[in-house]
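First the structure, in the form of structure tokens, and then the observations on it.
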Amino acid sequence: MPGTECGRLSVPVDWSRPSGGTVALRVFRLKAANSEGTILNFPSGPGQTGDLSFATLRDALPRYDLIALDPRGVGESSPMTCATAPAVKIPYVPPTDSPAFDALAANQQDFWRSCTTGVPGLDSRLDAYTNARDADALRTALGLKKINIHGFSYGTLTAERYLARYGHHVNGSLLEGVMNP
């Protein structure tokens, strides 16, 4: 969206070992004239970029600054790539017998083993809890004491994790198409 500022935020690959390796996350900010606050957007997906809903949010809430990040393994935050050969073997019709189901299960195991971000240790840390922690690092880096949060579909899972851990930094939240926590 025009006017969106982009940057990078370096966070630990493993928050329990902050002195270990780091990963650079793509971050976005769209400032509003006469801002009334900040909304942190948690993207849907999994696999959607952080800025995807900026246009919709800007139309609905023009007086708020918008911030977001590409979650780990998504967009420009060490994107996960997978081999295509196992993916094209997925049947269009779900299996109806044990041998066909076993073949699908084996194919899926091959597929997921082929997926990687290429960053040591990152592949096992692509979860909603870690993404919530990354989001709070963004809030902190921007010097914001309180924010509002928005999550849609899969983004509500990360938003729920954020509220559970960092709710004291939240003025208000809007979660749409909420996932069962």
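Going by the structure tokens order, chains are called A, B, ..., each with residues numbered from 1, while ligands are numbered from 1 in the order shown.
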
With a distance cut-off of 12 Å and only C-alpha atoms, select the neighbouring residues of region 146-149 of chain A, excluding the residue or stretch itself and same-chain residues fewer than 3 positions from it, and output the selection as a short mmCIF file (atom, residue, chain, number, x, y, z; two decimals) with C-alpha atoms, in the first residue's frame.
```
data_model
loop_
_atom_site.label_atom_id
_atom_site.label_comp_id
_atom_site.auth_asym_id
_atom_site.auth_seq_id
_atom_site.Cartn_x
_atom_site.Cartn_y
_atom_site.Cartn_z
CA GLU A 36 -5.31 8.12 17.65
CA GLY A 37 -3.20 5.04 18.39
CA THR A 38 -1.58 2.00 16.81
CA ILE A 39 -3.06 -1.25 15.55
CA LEU A 40 -0.83 -4.31 15.33
CA ASN A 41 -2.11 -6.64 12.61
CA PHE A 42 -1.74 -10.43 12.85
CA PRO A 43 -2.11 -11.83 9.33
CA LEU A 57 -7.81 -1.55 7.87
CA LEU A 61 -9.77 2.93 10.67
CA TYR A 64 -4.70 4.70 13.42
CA ASP A 65 -1.09 3.87 12.66
CA LEU A 66 -0.84 0.30 11.37
CA ILE A 67 2.06 -2.02 12.14
CA ALA A 68 2.73 -5.65 11.28
CA ALA A 132 3.41 -13.35 19.52
CA ALA A 135 5.22 -9.04 17.76
CA ASP A 136 5.89 -7.72 21.24
CA LEU A 138 8.15 -4.96 17.44
CA ARG A 139 5.97 -3.02 19.90
CA THR A 140 8.99 -2.53 22.16
CA LEU A 142 8.80 1.18 18.26
CA GLY A 143 8.62 2.49 21.85
CA PHE A 152 -8.18 -12.47 11.12
CA GLY A 155 -4.04 -14.50 12.81
CA THR A 156 -6.48 -14.80 15.72
CA THR A 158 -1.34 -15.51 17.35
CA ALA A 159 -3.50 -12.67 18.69
CA GLU A 160 -4.88 -14.99 21.39
CA ARG A 161 -1.32 -15.92 22.37
CA TYR A 162 -0.37 -12.24 22.40
CA LEU A 163 -3.32 -11.32 24.62
CA TYR A 166 1.06 -9.32 26.75
CA GLY A 167 -2.54 -8.27 27.37
CA HIS A 168 -1.35 -5.54 29.74
CA HIS A 169 0.03 -3.75 26.64
CA VAL A 170 -3.31 -3.90 24.78
CA ASN A 171 -5.98 -1.18 24.75
CA GLY A 172 -8.41 -3.15 22.58
CA SER A 173 -8.61 -6.06 20.19
CA LEU A 174 -10.64 -7.16 17.22
CA LEU A 175 -10.48 -10.84 16.30
CA GLU A 176 -12.40 -11.95 13.20
#
```

Can you check which residues of chain A DSSP gives as strand (DSSP E or B) on the backbone and send them as number ranges by chain?
A: 5-12, 22-30, 38-42, 65-69, 74, 77, 81, 116, 147-152, 170-176

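If you measure from each of A:Ala100, A:Val23, A:Val93, A:Ala55 to Pro79 (chain A) using only C-alpha atoms, the closest one turns out to be A:Val23.
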
10 Å contact set for Thr22 (chain A), only C-alpha atoms, chain neighbours under 3 positions out, as a PyMOL selection string
chain A and resi 9-15+18-19+25+119-122

Pull N, CA, C and O atoms from the residues just selected and write them as a compact mmCIF listing (two decimals), in the first residue's frame.
```
# COMPACT_ATOMS: atom_id res chain seq x y z
N LEU A 9 13.49 -6.29 11.67
CA LEU A 9 13.66 -6.41 13.11
C LEU A 9 14.36 -7.72 13.38
O LEU A 9 13.88 -8.78 12.96
N SER A 10 15.49 -7.67 14.05
CA SER A 10 16.25 -8.87 14.38
C SER A 10 15.78 -9.40 15.73
O SER A 10 15.75 -8.65 16.71
N VAL A 11 15.39 -10.67 15.75
CA VAL A 11 14.93 -11.32 16.98
C VAL A 11 15.66 -12.65 17.14
O VAL A 11 16.15 -13.23 16.16
N PRO A 12 15.71 -13.19 18.36
CA PRO A 12 16.35 -14.50 18.55
C PRO A 12 15.58 -15.61 17.82
O PRO A 12 14.35 -15.60 17.80
N VAL A 13 16.31 -16.54 17.23
CA VAL A 13 15.66 -17.72 16.65
C VAL A 13 14.92 -18.45 17.76
O VAL A 13 13.78 -18.89 17.59
N ASP A 14 15.56 -18.57 18.92
CA ASP A 14 14.99 -19.27 20.07
C ASP A 14 14.96 -18.28 21.24
O ASP A 14 16.00 -17.91 21.78
N TRP A 15 13.77 -17.84 21.61
CA TRP A 15 13.64 -16.85 22.67
C TRP A 15 14.15 -17.37 24.01
O TRP A 15 14.48 -16.57 24.89
N PRO A 18 18.34 -16.25 23.98
CA PRO A 18 18.45 -15.01 23.22
C PRO A 18 19.85 -14.70 22.70
O PRO A 18 19.99 -13.91 21.77
N SER A 19 20.87 -15.31 23.29
CA SER A 19 22.23 -15.04 22.81
C SER A 19 22.62 -15.97 21.65
O SER A 19 23.72 -15.86 21.12
N LEU A 25 13.19 -10.25 10.68
CA LEU A 25 11.78 -10.25 10.28
C LEU A 25 11.47 -8.97 9.53
O LEU A 25 11.90 -7.89 9.91
N VAL A 119 17.42 -21.50 7.90
CA VAL A 119 18.04 -20.87 9.07
C VAL A 119 18.14 -21.92 10.17
O VAL A 119 17.11 -22.48 10.57
N PRO A 120 19.35 -22.21 10.66
CA PRO A 120 19.50 -23.24 11.69
C PRO A 120 18.60 -23.00 12.90
O PRO A 120 18.58 -21.91 13.47
N GLY A 121 17.81 -24.02 13.25
CA GLY A 121 16.93 -23.96 14.42
C GLY A 121 15.59 -23.30 14.20
O GLY A 121 14.70 -23.41 15.04
N LEU A 122 15.42 -22.61 13.10
CA LEU A 122 14.18 -21.83 12.89
C LEU A 122 12.98 -22.72 12.54
O LEU A 122 11.86 -22.43 12.96
```
